[in-house]
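Asker: You'll find protein.txt just under this line, and it carries compact mmCIF, C-alpha atoms and all ligand atoms.
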# COMPACT_ATOMS: atom_id res chain seq x y z
CA MET J 50 101.43 13.77 -4.30
CA PHE J 51 98.76 15.97 -2.72
CA GLU J 52 99.73 19.59 -2.11
CA VAL J 53 98.13 22.53 -0.37
CA LYS J 54 99.90 25.85 -0.92
CA GLY J 55 99.03 29.16 0.72
CA LEU J 56 95.40 28.09 1.23
CA SER J 57 93.11 30.70 2.75
CA SER J 58 89.38 30.25 3.23
CA GLY J 59 86.54 31.01 5.61
CA TYR J 60 82.84 31.56 6.04
CA GLY J 61 81.17 34.54 4.34
CA ARG J 62 83.74 37.25 4.86
CA VAL J 63 85.18 35.79 8.05
CA PRO J 64 88.65 34.34 7.49
CA VAL J 65 89.49 31.03 9.19
CA LEU J 66 92.32 29.40 7.21
CA ARG J 67 95.41 31.54 6.76
CA GLU J 68 98.00 30.49 4.19
CA VAL J 69 98.03 26.80 5.03
CA ASP J 70 100.90 24.84 3.44
CA PHE J 71 101.57 21.12 3.53
CA SER J 72 102.02 18.15 1.25
CA LEU J 73 101.25 14.47 1.47
CA ALA J 74 102.93 11.69 -0.50
CA GLN J 75 100.77 8.80 -1.76
CA GLY J 76 100.39 6.29 1.06
CA GLU J 77 101.31 8.79 3.77
CA CYS J 78 99.16 9.55 6.82
CA ILE J 79 99.18 12.97 8.43
CA GLY J 80 97.28 14.06 11.49
CA PHE J 81 95.96 17.51 12.37
CA LEU J 82 95.94 18.48 16.00
CA GLY J 83 94.67 21.66 17.56
CA ARG J 84 92.32 23.09 20.14
CA ASN J 85 88.60 23.47 19.37
CA GLY J 86 87.72 26.07 16.78
CA MET J 87 91.23 26.39 15.29
CA GLY J 88 90.14 25.50 11.75
CA LYS J 89 90.73 21.75 11.31
CA THR J 90 87.23 20.94 10.03
CA THR J 91 87.32 24.08 7.89
CA LEU J 92 90.55 22.82 6.29
CA LEU J 93 88.97 19.47 5.35
CA ARG J 94 85.87 21.21 4.01
CA ALA J 95 87.96 23.59 1.90
CA ILE J 96 89.95 20.67 0.48
CA MET J 97 86.70 18.87 -0.37
CA GLY J 98 85.37 21.99 -2.11
CA GLU J 99 82.55 22.64 0.36
CA LEU J 100 84.13 26.03 1.06
CA PRO J 101 85.71 28.31 -1.53
CA THR J 102 89.46 28.73 -1.95
CA TRP J 103 90.07 32.45 -1.31
CA SER J 104 93.73 32.21 -2.27
CA GLY J 105 96.35 29.54 -2.73
CA GLU J 106 96.14 26.23 -4.49
CA ILE J 107 95.12 22.62 -3.89
CA ARG J 108 96.78 20.10 -6.23
CA LYS J 109 96.45 16.35 -6.54
CA ALA J 110 98.79 14.35 -8.77
CA GLY J 111 99.86 17.61 -10.43
CA GLN J 112 96.29 18.74 -11.26
CA SER J 113 94.81 21.83 -9.68
CA LEU J 114 91.51 21.25 -7.88
CA ASN J 115 90.77 24.97 -7.56
CA GLY J 116 87.27 25.77 -8.76
CA LYS J 117 86.32 22.07 -8.97
CA SER J 118 83.06 20.90 -7.39
CA THR J 119 82.89 18.52 -4.44
CA GLN J 120 81.72 15.77 -6.82
CA ALA J 121 84.69 16.38 -9.13
CA ARG J 122 87.06 16.15 -6.16
CA ALA J 123 85.41 12.84 -5.16
CA ARG J 124 85.91 11.61 -8.73
CA ALA J 125 89.55 12.69 -8.45
CA GLY J 126 89.90 10.14 -5.64
CA ILE J 127 89.24 12.12 -2.46
CA GLY J 128 86.91 10.56 0.11
CA TYR J 129 85.55 12.52 3.07
CA VAL J 130 84.05 11.25 6.33
CA PRO J 131 82.75 14.39 8.03
CA GLN J 132 82.32 14.85 11.75
CA GLY J 133 78.81 13.65 12.60
CA LYS J 134 79.07 11.11 9.75
CA GLN J 135 76.17 12.44 7.63
CA LEU J 136 74.67 9.02 6.89
CA PHE J 137 71.27 8.57 5.29
CA LYS J 138 69.66 7.67 8.59
CA LEU J 139 66.40 6.28 7.13
CA LEU J 140 68.16 4.09 4.57
CA THR J 141 69.53 0.68 5.44
CA VAL J 142 73.21 -0.11 5.93
CA GLU J 143 73.32 -1.78 2.51
CA GLU J 144 71.60 1.17 0.81
CA ASN J 145 74.06 3.57 2.44
CA LEU J 146 76.98 1.51 1.13
CA ARG J 147 75.47 1.42 -2.38
CA MET J 148 75.02 5.20 -2.27
CA GLY J 149 78.77 5.43 -1.68
CA CYS J 150 79.59 3.69 -4.97
CA VAL J 151 79.58 7.04 -6.76
CA LYS J 152 82.29 6.15 -9.25
CA ASN J 153 80.76 2.93 -10.44
CA PHE J 154 77.17 2.05 -9.56
CA ARG J 155 77.32 -1.02 -11.83
CA GLY J 156 80.23 -2.43 -9.85
CA ALA J 157 78.46 -1.72 -6.55
CA GLU J 158 77.92 -5.36 -5.57
CA VAL J 159 81.63 -6.19 -5.74
CA LYS J 160 82.65 -2.96 -4.02
CA VAL J 161 80.14 -3.44 -1.19
CA ALA J 162 81.37 -7.03 -0.70
CA GLN J 163 85.00 -5.78 -0.48
CA VAL J 164 84.02 -3.20 2.13
CA LEU J 165 82.09 -5.80 4.14
CA ASP J 166 85.27 -7.93 4.22
CA LEU J 167 86.94 -4.99 5.95
CA PHE J 168 84.02 -4.45 8.34
CA PRO J 169 82.46 -7.87 9.07
CA ARG J 170 80.61 -6.28 12.01
CA LEU J 171 78.30 -4.63 9.45
CA VAL J 172 77.25 -7.90 7.75
CA PRO J 173 74.45 -8.85 10.20
CA LEU J 174 73.26 -5.23 10.14
CA LEU J 175 72.81 -4.86 6.36
CA ASP J 176 69.01 -4.56 6.53
CA ARG J 177 68.95 -2.24 9.52
CA GLN J 178 68.30 1.49 9.15
CA ALA J 179 71.53 3.46 9.62
CA GLY J 180 69.87 5.64 12.25
CA MET J 181 69.27 2.55 14.41
CA LEU J 182 72.98 1.66 14.66
CA SER J 183 75.18 2.48 17.65
CA GLY J 184 77.51 5.47 17.30
CA GLY J 185 80.49 3.19 16.67
CA GLU J 186 78.65 1.12 14.06
CA GLN J 187 77.61 4.35 12.33
CA GLN J 188 81.24 5.42 12.25
CA LEU J 189 82.27 2.13 10.63
CA LEU J 190 79.44 2.51 8.11
CA ALA J 191 80.49 6.09 7.31
CA LEU J 192 84.06 4.94 6.69
CA GLY J 193 82.81 1.94 4.68
CA ARG J 194 80.58 4.15 2.55
CA CYS J 195 83.50 6.48 1.86
CA LEU J 196 85.66 3.50 0.79
CA CYS J 197 82.91 2.38 -1.63
CA GLY J 198 83.84 5.47 -3.67
CA ASP J 199 87.30 3.92 -4.19
CA PRO J 200 89.30 6.94 -2.96
CA ASP J 201 93.11 7.01 -2.83
CA LEU J 202 93.05 9.84 -0.27
CA ILE J 203 90.62 9.98 2.63
CA LEU J 204 89.86 12.89 4.95
CA LEU J 205 88.62 11.78 8.37
CA ASP J 206 87.17 14.26 10.85
CA GLU J 207 87.35 13.00 14.44
CA PRO J 208 86.44 9.36 13.74
CA THR J 209 86.80 8.36 17.39
CA GLU J 210 84.45 11.02 18.77
CA GLY J 211 82.11 9.36 21.27
CA ILE J 212 82.86 5.75 20.29
CA GLN J 213 84.03 2.82 22.34
CA PRO J 214 87.72 1.76 22.39
CA SER J 215 87.12 -1.60 20.65
CA ILE J 216 85.68 0.15 17.58
CA CYS J 217 88.57 2.68 17.63
CA ASP J 218 90.93 -0.32 17.47
CA GLU J 219 88.97 -1.76 14.53
CA ILE J 220 89.24 1.54 12.67
CA ILE J 221 92.99 1.70 13.33
CA ASP J 222 93.45 -1.89 12.05
CA VAL J 223 91.47 -1.17 8.87
CA LEU J 224 93.38 2.05 8.17
CA ILE J 225 96.73 0.30 8.65
CA GLN J 226 95.59 -2.52 6.34
CA LEU J 227 94.39 -0.05 3.67
CA ARG J 228 97.69 1.80 3.73
CA LYS J 229 99.61 -1.43 3.35
CA GLU J 230 97.42 -3.05 0.70
CA ARG J 231 96.16 -0.07 -1.31
CA ASN J 232 98.72 2.64 -0.55
CA LEU J 233 95.86 4.82 0.70
CA SER J 234 96.75 8.35 1.85
CA ILE J 235 95.04 9.64 4.98
CA MET J 236 94.43 13.08 6.48
CA LEU J 237 93.15 12.66 10.00
CA VAL J 238 91.69 15.34 12.29
CA GLU J 239 91.65 13.88 15.80
CA GLN J 240 91.81 14.92 19.44
CA ASP J 241 92.77 11.41 20.57
CA ILE J 242 96.56 11.47 20.76
CA ASP J 243 96.92 7.66 21.05
CA PHE J 244 94.88 7.23 17.87
CA LEU J 245 96.95 9.83 15.98
CA TRP J 246 100.21 8.36 17.24
CA SER J 247 99.22 4.83 16.23
CA ILE J 248 98.93 5.59 12.50
CA CYS J 249 100.35 9.00 11.54
CA ASP J 250 103.74 9.66 9.92
CA HIS J 251 103.60 13.35 10.86
CA ILE J 252 101.36 15.52 12.96
CA LEU J 253 100.64 19.11 11.91
CA ALA J 254 99.76 21.41 14.78
CA VAL J 255 97.03 23.89 13.82
CA ASP J 256 96.51 27.19 15.61
CA LYS J 257 94.21 30.04 14.52
CA GLY J 258 93.86 28.69 11.00
CA SER J 259 97.58 28.11 10.34
CA VAL J 260 99.89 25.14 10.54
CA VAL J 261 102.35 26.28 13.19
CA LYS J 262 104.57 23.25 13.60
CA THR J 263 105.20 19.65 12.57
CA ILE J 264 105.53 17.00 15.25
CA ASP J 265 107.31 13.72 14.57
CA PRO J 266 105.33 11.08 16.49
CA LYS J 267 108.43 8.89 16.77
CA ALA J 268 110.48 11.60 18.47
CA GLU J 269 111.07 11.31 22.20
CA GLY J 270 108.70 13.52 24.19
CA SER J 271 106.40 14.09 21.20
CA THR J 272 103.19 13.13 23.03
CA GLU J 273 104.03 15.52 25.88
CA GLN J 274 104.68 18.22 23.28
CA ALA J 275 101.30 17.50 21.68
CA LYS J 276 99.43 17.50 24.99
CA ALA J 277 101.00 20.83 25.92
CA PHE J 278 100.00 22.22 22.52
CA ILE J 279 96.32 21.38 22.97
CA GLY J 280 96.41 22.26 26.65
CA ILE J 281 95.85 18.93 28.34
CA GLU J 282 97.67 17.80 31.46
CA GLY J 283 100.08 14.93 31.74
N1 LIG B 1 79.32 27.17 9.24
C1 LIG B 1 80.06 28.09 9.86
N2 LIG B 1 79.78 29.41 9.73
C2 LIG B 1 80.56 30.35 10.33
N3 LIG B 1 81.63 30.08 11.10
C3 LIG B 1 81.95 28.80 11.27
C4 LIG B 1 81.20 27.73 10.66
N4 LIG B 1 81.77 26.55 11.01
C5 LIG B 1 82.82 26.85 11.79
N5 LIG B 1 82.94 28.21 11.95
C6 LIG B 1 83.97 28.90 12.72
O1 LIG B 1 85.24 28.65 12.10
C7 LIG B 1 86.25 28.51 13.10
C8 LIG B 1 86.95 27.16 12.89
O2 LIG B 1 86.03 26.11 13.12
P1 LIG B 1 86.37 24.58 12.82
O3 LIG B 1 85.11 23.80 12.96
O4 LIG B 1 87.11 24.49 11.54
O5 LIG B 1 87.37 24.25 14.00
P2 LIG B 1 87.98 22.88 14.48
O6 LIG B 1 89.44 23.12 14.66
O7 LIG B 1 87.59 21.78 13.56
O8 LIG B 1 87.30 22.68 15.89
P3 LIG B 1 86.59 21.41 16.59
O9 LIG B 1 87.70 20.59 17.12
O10 LIG B 1 85.77 22.06 17.65
O11 LIG B 1 85.76 20.71 15.56
C9 LIG B 1 85.56 28.62 14.45
O12 LIG B 1 85.73 29.95 14.90
C10 LIG B 1 84.10 28.35 14.13
O13 LIG B 1 83.25 29.03 15.01
Starting from the coordinates I provided, produce the structure as structure tokens.
Ligand SMILES: Nc1ncnc2c1ncn2[C@@H]1O[C@H](COP(=O)(O)OP(=O)(O)OP(=O)(O)O)[C@@H](O)[C@H]1O
Answerer:
Amino acid sequence: MFEVKGLSSGYGRVPVLREVDFSLAQGECIGFLGRNGMGKTTLLRAIMGELPTWSGEIRKAGQSLNGKSTQARARAGIGYVPQGKQLFKLLTVEENLRMGCVKNFRGAEVKVAQVLDLFPRLVPLLDRQAGMLSGGEQQLLALGRCLCGDPDLILLDEPTEGIQPSICDEIIDVLIQLRKERNLSIMLVEQDIDFLWSICDHILAVDKGSVVKTIDPKAEGSTEQAKAFIGIEG
């Protein structure tokens, strides 16, 4: 179980997150939906330890993560694919994947091979510099590199931003497979309602740094409710 209780955080002295509460069972997928600037990226960064916890608590499998470094949170099984991917653009695809094997550099070969089974599109690109890949290929590589760290919870920030529908479908298929085969938990920040609705168990609506409601994606009229919440027509 992953739990966030009363989490507040921000930048410098400027508050962004206000008493955020939610929990996630192992193997569950929750989505975060909200208009621009409402605090979704800030929430992922605070969970990853890139921003300080001002108040509240973050717990994973009963252990508090408060005060733990980003590296310690990665070792505790949390993987993060930030918006903009943050790849090593001058390193090759293979080198990027190896850099992701933070938990076990000696087992890197096996881990990289497992990840390439999930993303066969990357196999012919192994020797290419990451910066020379298309946006969609970079997104697959970023997700693959994260999985090389063997996380049991992954935080994904807008994975579909600016990428073509066929790669979005590939990402959805891999995430569904990982949930089924490895009981992976997923926290997904996304603006694409179809993407959220295709994999999430619950959607948390975020407004001004707080979770203001939970949407059940299986409920009738839920997509209309979501569109109204983020202010898009239809
Ligand atoms: N590095 C930073 N320093 C100061 N303020 C920041 C920083 N990053 C974000 N903010 C502010 O924090 C607030 C929340 O931003 P955040 O990026 O978390 O929103 P978001 O919901 O992820 O939006 P988007 O969908 O546009 O990515 C915004 O007011 C933003 O301007």
Asker: Can you list, as a list of chain:residue names, every protein, DNA or RNA residue that comes within 12 Å of J:Ala121 when you count all atoms listed in the file, leaving out same-chain residues fewer than 4 positions away?
Answerer: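 The neighbour list is J:Ile96, J:Met97, J:Gly98, J:Glu99, J:Ser113, J:Leu114, J:Asn115, J:Gly116, J:Lys117, J:Ala125, J:Gly126, J:Ile127, J:Gly128, J:Val151, J:Lys152.
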Asker: Ranking J:Lys229, J:Lys276, J:Lys134, J:Arg62 by minimum distance to J:Ile248 and counting all atoms listed in the file, which one comes first?
Answerer: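 Selected residue with least distance to J:Ile248: J:Lys229.
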Asker: Go through J:Leu100, J:Ile79, J:Leu165, J:Val255 one by one, measure the shortest atom-to-atom distance of each to J:Tyr60 using all atoms listed in the file, and give the residue with the smallest value.
Answerer: J:Leu100
Asker: Tell me, in Å to one decimal, how far atom CA of J:Gly198 is from atom CA of J:Cys150.
Answerer: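 These two atoms are separated by 4.8 Å.
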Asker: Using only C-alpha atoms, determine which residues lie at most 12 Å from stretch 212-221 of chain J, disregarding the query and same-chain residues fewer than 6 positions distant; provide the list as a PyMOL selection string.
Answerer: chain J and resi 78+133+167-171+183-193+205+227-228+235+237+239+241+243-249
Asker: Separation of atom CA of J:Glu207 and atom CA of J:Ser104, in Å?
Answerer: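 One can read the atom CA of J:Glu207 to atom CA of J:Ser104 distance as 26.2 Å.
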Asker: Calculate how many Å separate atom CA of J:Lys54 from atom CA of J:Asp70, rounding to one decimal.
Answerer: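 Straight-line distance from atom CA of J:Lys54 to atom CA of J:Asp70 works out to 4.6 Å.
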Asker: Select the residues contacting ligand LIG 1 (chain B) at a distance of at most 10 Å, based on all atoms listed in the file, then format the selection as a VMD selection string.
Answerer: chain J and resid 58 to 66 81 to 95 100 132 206 to 207 238 to 240 255 to 258
Asker: For J:Val172, list every protein, DNA or RNA residue within 10 Å, evaluated using only C-alpha atoms, and leave out those in the same chain fewer than 5 positions away; present the list as a list in words.
Answerer: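 Close residues of J:Val172: Val142, Glu143, Ala162, Val164, Leu165 and Asp166 of chain J.
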Asker: Restricting the calculation to only C-alpha atoms, which member of J:Ala275, J:Leu204, J:Leu139, J:Val53 is positioned closest to J:Thr263?
Answerer: J:Ala275
Asker: So that I can check the surroundings of J:Ala157, please list as a list in words every protein, DNA and RNA residue that reaches within 9 Å of it, counting all atoms listed in the file and ignoring chain neighbours fewer than 6 positions away.
Answerer: Leu146, Arg147, Met148, Gly149, Cys150, Val151 and Cys197 of chain J
Asker: Given only C-alpha atoms as the basis, pick out the residue of J:Val69, J:Ile107, J:Cys195, J:Ala74 nearest to J:His251.
Answerer: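 Checking each of J:Val69, J:Ile107, J:Cys195, J:Ala74 against J:His251, counting only C-alpha atoms, the winner is J:Ala74.
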Asker: Nearest to J:Lys262: which of J:Arg177, J:Arg155, J:Val223, J:Gly80 is it, counting only C-alpha atoms?
Answerer: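 Among J:Arg177, J:Arg155, J:Val223, J:Gly80, it is J:Gly80 that comes nearest to J:Lys262.
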Asker: Taking all atoms of stretch 259-278 of chain J that the file lists and extending 4 Å past them on each side, where is the centre of the axis-aligned box and how long are its edges? Answer in Å to one decimal, as AutoDock Vina command-line options.
Answerer:
--center_x 104.3 --center_y 18.5 --center_z 18.1 --size_x 21.5 --size_y 27.2 --size_z 23.6
Asker: Using the incomplete input, complete stretch 202-213 of chain J to the level of all heavy atoms; output as a CSV table (one decimal), in the frame of the given file.
Answerer:
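Below is the file rebuild-v1.csv, written as the result:
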chain,number,residue,atom,x,y,z
J,202,LEU,N,92.8,8.9,-1.4
J,202,LEU,CA,93.0,9.8,-0.3
J,202,LEU,C,91.8,10.0,0.5
J,202,LEU,O,90.7,10.3,-0.1
J,202,LEU,CB,93.5,11.2,-0.8
J,202,LEU,CG,93.5,12.4,0.2
J,202,LEU,CD1,94.5,12.2,1.3
J,202,LEU,CD2,93.8,13.7,-0.6
J,203,ILE,N,91.8,9.8,1.8
J,203,ILE,CA,90.6,10.0,2.6
J,203,ILE,C,90.9,11.0,3.7
J,203,ILE,O,91.9,11.1,4.3
J,203,ILE,CB,90.1,8.7,3.3
J,203,ILE,CG1,91.1,8.0,4.1
J,203,ILE,CG2,89.5,7.7,2.2
J,203,ILE,CD1,90.4,6.8,4.9
J,204,LEU,N,89.8,11.8,3.9
J,204,LEU,CA,89.9,12.9,5.0
J,204,LEU,C,88.9,12.4,6.1
J,204,LEU,O,87.7,12.2,5.8
J,204,LEU,CB,89.4,14.2,4.4
J,204,LEU,CG,89.8,14.6,3.0
J,204,LEU,CD1,89.2,16.0,2.6
J,204,LEU,CD2,91.3,14.7,2.9
J,205,LEU,N,89.4,12.3,7.2
J,205,LEU,CA,88.6,11.8,8.4
J,205,LEU,C,88.6,12.8,9.5
J,205,LEU,O,89.6,13.3,9.9
J,205,LEU,CB,89.2,10.5,9.0
J,205,LEU,CG,89.5,9.3,8.0
J,205,LEU,CD1,90.1,8.2,8.8
J,205,LEU,CD2,88.2,8.9,7.4
J,206,ASP,N,87.3,13.2,9.8
J,206,ASP,CA,87.2,14.3,10.8
J,206,ASP,C,86.7,13.6,12.2
J,206,ASP,O,85.5,13.2,12.3
J,206,ASP,CB,86.2,15.3,10.4
J,206,ASP,CG,86.3,16.6,11.2
J,206,ASP,OD1,87.0,16.6,12.2
J,206,ASP,OD2,85.7,17.6,10.7
J,207,GLU,N,87.6,13.5,13.1
J,207,GLU,CA,87.4,13.0,14.4
J,207,GLU,C,86.6,11.7,14.4
J,207,GLU,O,85.5,11.6,15.0
J,207,GLU,CB,86.6,14.0,15.3
J,207,GLU,CG,87.5,15.3,15.4
J,207,GLU,CD,87.2,16.1,16.7
J,207,GLU,OE1,86.7,15.6,17.6
J,207,GLU,OE2,87.6,17.3,16.7
J,208,PRO,N,87.2,10.6,13.8
J,208,PRO,CA,86.4,9.4,13.7
J,208,PRO,C,86.2,8.7,15.1
J,208,PRO,O,85.3,7.8,15.2
J,208,PRO,CB,87.3,8.5,12.8
J,208,PRO,CG,88.7,9.1,12.9
J,208,PRO,CD,88.4,10.6,13.1
J,209,THR,N,87.0,9.1,16.1
J,209,THR,CA,86.8,8.4,17.4
J,209,THR,C,85.8,9.1,18.3
J,209,THR,O,85.6,8.6,19.4
J,209,THR,CB,88.1,8.2,18.2
J,209,THR,OG1,88.6,9.5,18.6
J,209,THR,CG2,89.2,7.6,17.3
J,210,GLU,N,85.3,10.2,17.9
J,210,GLU,CA,84.4,11.0,18.8
J,210,GLU,C,83.3,10.2,19.3
J,210,GLU,O,82.4,9.7,18.5
J,210,GLU,CB,83.9,12.2,18.0
J,210,GLU,CG,83.4,13.3,18.9
J,210,GLU,CD,82.8,14.5,18.1
J,210,GLU,OE1,82.4,14.2,17.0
J,210,GLU,OE2,82.7,15.6,18.7
J,211,GLY,N,83.2,10.0,20.6
J,211,GLY,CA,82.1,9.4,21.3
J,211,GLY,C,82.0,7.9,21.0
J,211,GLY,O,80.9,7.3,21.1
J,212,ILE,N,83.0,7.2,20.5
J,212,ILE,CA,82.9,5.8,20.3
J,212,ILE,C,83.8,4.9,21.2
J,212,ILE,O,84.8,5.4,21.7
J,212,ILE,CB,83.0,5.4,18.8
J,212,ILE,CG1,84.5,5.6,18.3
J,212,ILE,CG2,82.0,6.1,17.9
J,212,ILE,CD1,84.7,5.1,16.9
J,213,GLN,N,83.3,3.7,21.4
J,213,GLN,CA,84.0,2.8,22.3
J,213,GLN,C,85.4,2.4,21.8
J,213,GLN,O,85.6,2.3,20.6
J,213,GLN,CB,83.2,1.6,22.7
J,213,GLN,CG,83.0,0.6,21.5
J,213,GLN,CD,81.9,-0.3,21.6
J,213,GLN,OE1,80.7,0.1,21.8
J,213,GLN,NE2,82.1,-1.6,21.5
